[in-house]
Amino acid sequence: QVQLVESGGGLVQAGGSLRLSCAASGPTFRISPSGWFRQAPGNEREFVAAISTGGGYTVYADSVQGRFTISRDNAKNTAYLQMNSLKPEDAATYYCASYTPDPFDGGPPDRRKSRYNIWGQGTQVTVTP
């Protein structure tokens with residue numbers, strides 16, 4: 001079973017950047033799509049970005065397209081979320097997640113929160129105006 005630990009959150013001014021990391025333990029990380037979700041107080045947890053097992057496919061929420069970049073290094077069992085041009089509305093707890101794909105699923109990773117069955121504890125991102 002994969003375990004996920006996020007890091008890299010913090011306080012940043014609007015317009016600044018942060019890079020989140022998601023370190024995975026366990027043998028199945030490199031065959032599991034990875035995703036980032038976020039949840040602000042009082043809001044539902046929402047999809048941010050996801051990447052396929054080999055990194056060939058990436059998908060993004062419209063709100064972060066062009067500002068955030070998801071990547072992964074399977075040799076290091078780590079996924080990343082580079083966040084640029086941060087806005088106050090990006091402030092949230094960011095969660096890394098993964099799921100076991102279907103055997104013949106070689107397409108883009110899933111955006112649906114319900115598809116992800118392994119979650120990290122989250123890392124807080126605060127963006128000041």
# chains A, B, ... in the order shown; residues from 1 in each chain; ligands from 1

call {"tool": "residues_around", "arguments": {"residues": "Ser52 of chain A", "least_positions_apart": "2", "cutoff": "10 Å", "atoms": "only C-alpha atoms", "output": "PyMOL selection string"}}
result
chain A and resi 30-35+50+54-59+71-72+98+101+105-110

call {"tool": "closest_atom_pairs", "arguments": {"of": "segment 45-71 of chain A", "to": "segment 4-17 of chain A", "cutoff": "12 Å", "atoms": "only C-alpha atoms", "output": "Markdown table"}}
result
| residue | atom | partner | partner_atom | distance |
| --- | --- | --- | --- | --- |
| A:Arg67 | CA | A:Ser17 | CA | 9.5 |
| A:Phe68 | CA | A:Ser17 | CA | 9.4 |
| A:Thr69 | CA | A:Ser17 | CA | 11.3 |

call {"tool": "select_by_dssp", "arguments": {"residues": "segment 15-97 of chain A", "states": "strand (DSSP E or B)", "output": "ChimeraX atom specification"}}
result
/A:18-25,34-39,46-51,58-60,68-73,78-83,92-97

call {"tool": "atom_distance", "arguments": {"atom1": "atom CA of Phe37 of chain A", "atom2": "atom CA of Arg19 of chain A"}}
result
14.3 Å

call {"tool": "atom_distance", "arguments": {"atom1": "atom CA of Gly66 of chain A", "atom2": "atom CA of Leu81 of chain A"}}
result
12.5 Å

call {"tool": "atom_distance", "arguments": {"atom1": "atom CA of Lys113 of chain A", "atom2": "atom CA of Leu20 of chain A"}}
result
19.1 Å

call {"tool": "residues_around", "arguments": {"residues": "Asn77 of chain A", "least_positions_apart": "3", "cutoff": "7 Å", "atoms": "only C-alpha atoms", "output": "number ranges by chain"}}
result
A: 23-24, 29-30, 73-74

call {"tool": "closest_residue", "arguments": {"among": "A:Arg115, A:Leu18, A:Gln65, A:Ala97", "to": "Ala79 of chain A", "atoms": "only C-alpha atoms"}}
result
A:Ala97

call {"tool": "decode", "arguments": {"residues": "segment 48-81 of chain A", "atoms": "N, CA, C and O atoms", "output": "PDB file, in the first residue's frame"}}
result
ATOM      1  N   VAL A  48      -7.236  19.762  -8.569  1.00  0.00           N
ATOM      2  CA  VAL A  48      -6.289  20.769  -9.023  1.00  0.00           C
ATOM      3  C   VAL A  48      -5.547  20.278 -10.270  1.00  0.00           C
ATOM      4  O   VAL A  48      -5.543  20.951 -11.299  1.00  0.00           O
ATOM      5  N   ALA A  49      -4.915  19.115 -10.174  1.00  0.00           N
ATOM      6  CA  ALA A  49      -4.122  18.613 -11.296  1.00  0.00           C
ATOM      7  C   ALA A  49      -3.866  17.128 -11.090  1.00  0.00           C
ATOM      8  O   ALA A  49      -3.929  16.625  -9.962  1.00  0.00           O
ATOM      9  N   ALA A  50      -3.576  16.431 -12.179  1.00  0.00           N
ATOM     10  CA  ALA A  50      -3.254  15.010 -12.099  1.00  0.00           C
ATOM     11  C   ALA A  50      -2.286  14.644 -13.214  1.00  0.00           C
ATOM     12  O   ALA A  50      -2.219  15.325 -14.246  1.00  0.00           O
ATOM     13  N   ILE A  51      -1.550  13.564 -12.989  1.00  0.00           N
ATOM     14  CA  ILE A  51      -0.549  13.117 -13.946  1.00  0.00           C
ATOM     15  C   ILE A  51      -0.610  11.596 -14.043  1.00  0.00           C
ATOM     16  O   ILE A  51      -0.816  10.899 -13.043  1.00  0.00           O
ATOM     17  N   SER A  52      -0.433  11.091 -15.242  1.00  0.00           N
ATOM     18  CA  SER A  52      -0.475   9.648 -15.464  1.00  0.00           C
ATOM     19  C   SER A  52       0.783   8.980 -14.912  1.00  0.00           C
ATOM     20  O   SER A  52       1.743   9.638 -14.512  1.00  0.00           O
ATOM     21  N   THR A  53       0.782   7.661 -14.918  1.00  0.00           N
ATOM     22  CA  THR A  53       1.872   6.917 -14.281  1.00  0.00           C
ATOM     23  C   THR A  53       3.235   7.247 -14.869  1.00  0.00           C
ATOM     24  O   THR A  53       4.217   7.412 -14.145  1.00  0.00           O
ATOM     25  N   GLY A  54       3.300   7.366 -16.183  1.00  0.00           N
ATOM     26  CA  GLY A  54       4.574   7.667 -16.819  1.00  0.00           C
ATOM     27  C   GLY A  54       4.820   9.135 -17.053  1.00  0.00           C
ATOM     28  O   GLY A  54       5.876   9.528 -17.563  1.00  0.00           O
ATOM     29  N   GLY A  55       3.847   9.962 -16.718  1.00  0.00           N
ATOM     30  CA  GLY A  55       3.993  11.403 -16.890  1.00  0.00           C
ATOM     31  C   GLY A  55       3.582  11.916 -18.258  1.00  0.00           C
ATOM     32  O   GLY A  55       3.689  13.108 -18.534  1.00  0.00           O
ATOM     33  N   GLY A  56       3.094  11.018 -19.117  1.00  0.00           N
ATOM     34  CA  GLY A  56       2.762  11.440 -20.464  1.00  0.00           C
ATOM     35  C   GLY A  56       1.482  12.252 -20.570  1.00  0.00           C
ATOM     36  O   GLY A  56       1.289  12.988 -21.542  1.00  0.00           O
ATOM     37  N   TYR A  57       0.601  12.081 -19.610  1.00  0.00           N
ATOM     38  CA  TYR A  57      -0.644  12.834 -19.603  1.00  0.00           C
ATOM     39  C   TYR A  57      -0.717  13.691 -18.346  1.00  0.00           C
ATOM     40  O   TYR A  57      -0.426  13.222 -17.254  1.00  0.00           O
ATOM     41  N   THR A  58      -1.135  14.949 -18.510  1.00  0.00           N
ATOM     42  CA  THR A  58      -1.426  15.803 -17.377  1.00  0.00           C
ATOM     43  C   THR A  58      -2.754  16.498 -17.625  1.00  0.00           C
ATOM     44  O   THR A  58      -3.099  16.811 -18.771  1.00  0.00           O
ATOM     45  N   VAL A  59      -3.503  16.703 -16.562  1.00  0.00           N
ATOM     46  CA  VAL A  59      -4.773  17.427 -16.652  1.00  0.00           C
ATOM     47  C   VAL A  59      -4.819  18.435 -15.522  1.00  0.00           C
ATOM     48  O   VAL A  59      -4.247  18.219 -14.446  1.00  0.00           O
ATOM     49  N   TYR A  60      -5.506  19.550 -15.767  1.00  0.00           N
ATOM     50  CA  TYR A  60      -5.556  20.644 -14.805  1.00  0.00           C
ATOM     51  C   TYR A  60      -6.970  21.187 -14.676  1.00  0.00           C
ATOM     52  O   TYR A  60      -7.754  21.172 -15.635  1.00  0.00           O
ATOM     53  N   ALA A  61      -7.265  21.704 -13.504  1.00  0.00           N
ATOM     54  CA  ALA A  61      -8.472  22.489 -13.332  1.00  0.00           C
ATOM     55  C   ALA A  61      -8.309  23.792 -14.110  1.00  0.00           C
ATOM     56  O   ALA A  61      -7.202  24.332 -14.225  1.00  0.00           O
ATOM     57  N   ASP A  62      -9.416  24.301 -14.614  1.00  0.00           N
ATOM     58  CA  ASP A  62      -9.356  25.549 -15.379  1.00  0.00           C
ATOM     59  C   ASP A  62      -8.748  26.685 -14.561  1.00  0.00           C
ATOM     60  O   ASP A  62      -8.040  27.547 -15.093  1.00  0.00           O
ATOM     61  N   SER A  63      -9.014  26.675 -13.261  1.00  0.00           N
ATOM     62  CA  SER A  63      -8.575  27.786 -12.408  1.00  0.00           C
ATOM     63  C   SER A  63      -7.059  27.852 -12.243  1.00  0.00           C
ATOM     64  O   SER A  63      -6.534  28.889 -11.830  1.00  0.00           O
ATOM     65  N   VAL A  64      -6.350  26.764 -12.544  1.00  0.00           N
ATOM     66  CA  VAL A  64      -4.897  26.761 -12.363  1.00  0.00           C
ATOM     67  C   VAL A  64      -4.147  26.543 -13.673  1.00  0.00           C
ATOM     68  O   VAL A  64      -2.914  26.623 -13.699  1.00  0.00           O
ATOM     69  N   GLN A  65      -4.864  26.253 -14.732  1.00  0.00           N
ATOM     70  CA  GLN A  65      -4.233  26.022 -16.035  1.00  0.00           C
ATOM     71  C   GLN A  65      -3.334  27.190 -16.408  1.00  0.00           C
ATOM     72  O   GLN A  65      -3.734  28.349 -16.319  1.00  0.00           O
ATOM     73  N   GLY A  66      -2.114  26.879 -16.795  1.00  0.00           N
ATOM     74  CA  GLY A  66      -1.173  27.920 -17.182  1.00  0.00           C
ATOM     75  C   GLY A  66      -0.368  28.504 -16.040  1.00  0.00           C
ATOM     76  O   GLY A  66       0.628  29.204 -16.270  1.00  0.00           O
ATOM     77  N   ARG A  67      -0.764  28.228 -14.804  1.00  0.00           N
ATOM     78  CA  ARG A  67      -0.030  28.735 -13.635  1.00  0.00           C
ATOM     79  C   ARG A  67       0.631  27.610 -12.855  1.00  0.00           C
ATOM     80  O   ARG A  67       1.705  27.812 -12.270  1.00  0.00           O
ATOM     81  N   PHE A  68      -0.008  26.457 -12.804  1.00  0.00           N
ATOM     82  CA  PHE A  68       0.505  25.318 -12.036  1.00  0.00           C
ATOM     83  C   PHE A  68       1.012  24.250 -13.002  1.00  0.00           C
ATOM     84  O   PHE A  68       0.469  24.078 -14.098  1.00  0.00           O
ATOM     85  N   THR A  69       2.027  23.525 -12.552  1.00  0.00           N
ATOM     86  CA  THR A  69       2.562  22.417 -13.339  1.00  0.00           C
ATOM     87  C   THR A  69       2.764  21.207 -12.443  1.00  0.00           C
ATOM     88  O   THR A  69       3.454  21.297 -11.420  1.00  0.00           O
ATOM     89  N   ILE A  70       2.169  20.097 -12.848  1.00  0.00           N
ATOM     90  CA  ILE A  70       2.347  18.852 -12.108  1.00  0.00           C
ATOM     91  C   ILE A  70       3.418  18.015 -12.809  1.00  0.00           C
ATOM     92  O   ILE A  70       3.516  18.016 -14.044  1.00  0.00           O
ATOM     93  N   SER A  71       4.217  17.329 -12.026  1.00  0.00           N
ATOM     94  CA  SER A  71       5.245  16.464 -12.588  1.00  0.00           C
ATOM     95  C   SER A  71       5.502  15.327 -11.608  1.00  0.00           C
ATOM     96  O   SER A  71       4.982  15.329 -10.492  1.00  0.00           O
ATOM     97  N   ARG A  72       6.306  14.367 -12.034  1.00  0.00           N
ATOM     98  CA  ARG A  72       6.641  13.265 -11.155  1.00  0.00           C
ATOM     99  C   ARG A  72       8.011  12.721 -11.521  1.00  0.00           C
ATOM    100  O   ARG A  72       8.457  12.817 -12.668  1.00  0.00           O
ATOM    101  N   ASP A  73       8.669  12.146 -10.527  1.00  0.00           N
ATOM    102  CA  ASP A  73       9.948  11.484 -10.721  1.00  0.00           C
ATOM    103  C   ASP A  73       9.793  10.089 -10.119  1.00  0.00           C
ATOM    104  O   ASP A  73       9.889   9.924  -8.895  1.00  0.00           O
ATOM    105  N   ASN A  74       9.542   9.109 -10.958  1.00  0.00           N
ATOM    106  CA  ASN A  74       9.289   7.758 -10.447  1.00  0.00           C
ATOM    107  C   ASN A  74      10.533   7.150  -9.803  1.00  0.00           C
ATOM    108  O   ASN A  74      10.414   6.307  -8.913  1.00  0.00           O
ATOM    109  N   ALA A  75      11.704   7.574 -10.224  1.00  0.00           N
ATOM    110  CA  ALA A  75      12.933   7.075  -9.603  1.00  0.00           C
ATOM    111  C   ALA A  75      13.035   7.530  -8.149  1.00  0.00           C
ATOM    112  O   ALA A  75      13.654   6.853  -7.324  1.00  0.00           O
ATOM    113  N   LYS A  76      12.442   8.675  -7.851  1.00  0.00           N
ATOM    114  CA  LYS A  76      12.454   9.209  -6.488  1.00  0.00           C
ATOM    115  C   LYS A  76      11.130   8.980  -5.764  1.00  0.00           C
ATOM    116  O   LYS A  76      10.950   9.441  -4.642  1.00  0.00           O
ATOM    117  N   ASN A  77      10.203   8.312  -6.434  1.00  0.00           N
ATOM    118  CA  ASN A  77       8.874   8.080  -5.833  1.00  0.00           C
ATOM    119  C   ASN A  77       8.247   9.377  -5.339  1.00  0.00           C
ATOM    120  O   ASN A  77       7.692   9.439  -4.230  1.00  0.00           O
ATOM    121  N   THR A  78       8.317  10.405  -6.164  1.00  0.00           N
ATOM    122  CA  THR A  78       7.852  11.720  -5.742  1.00  0.00           C
ATOM    123  C   THR A  78       7.080  12.405  -6.865  1.00  0.00           C
ATOM    124  O   THR A  78       7.485  12.338  -8.028  1.00  0.00           O
ATOM    125  N   ALA A  79       5.992  13.039  -6.480  1.00  0.00           N
ATOM    126  CA  ALA A  79       5.238  13.889  -7.388  1.00  0.00           C
ATOM    127  C   ALA A  79       5.383  15.337  -6.908  1.00  0.00           C
ATOM    128  O   ALA A  79       5.616  15.584  -5.728  1.00  0.00           O
ATOM    129  N   TYR A  80       5.232  16.263  -7.842  1.00  0.00           N
ATOM    130  CA  TYR A  80       5.429  17.680  -7.533  1.00  0.00           C
ATOM    131  C   TYR A  80       4.281  18.515  -8.083  1.00  0.00           C
ATOM    132  O   TYR A  80       3.634  18.147  -9.057  1.00  0.00           O
ATOM    133  N   LEU A  81       4.082  19.656  -7.456  1.00  0.00           N
ATOM    134  CA  LEU A  81       3.159  20.651  -7.990  1.00  0.00           C
ATOM    135  C   LEU A  81       3.861  22.010  -7.892  1.00  0.00           C
ATOM    136  O   LEU A  81       4.026  22.538  -6.800  1.00  0.00           O
TER     137      LEU A  81
END
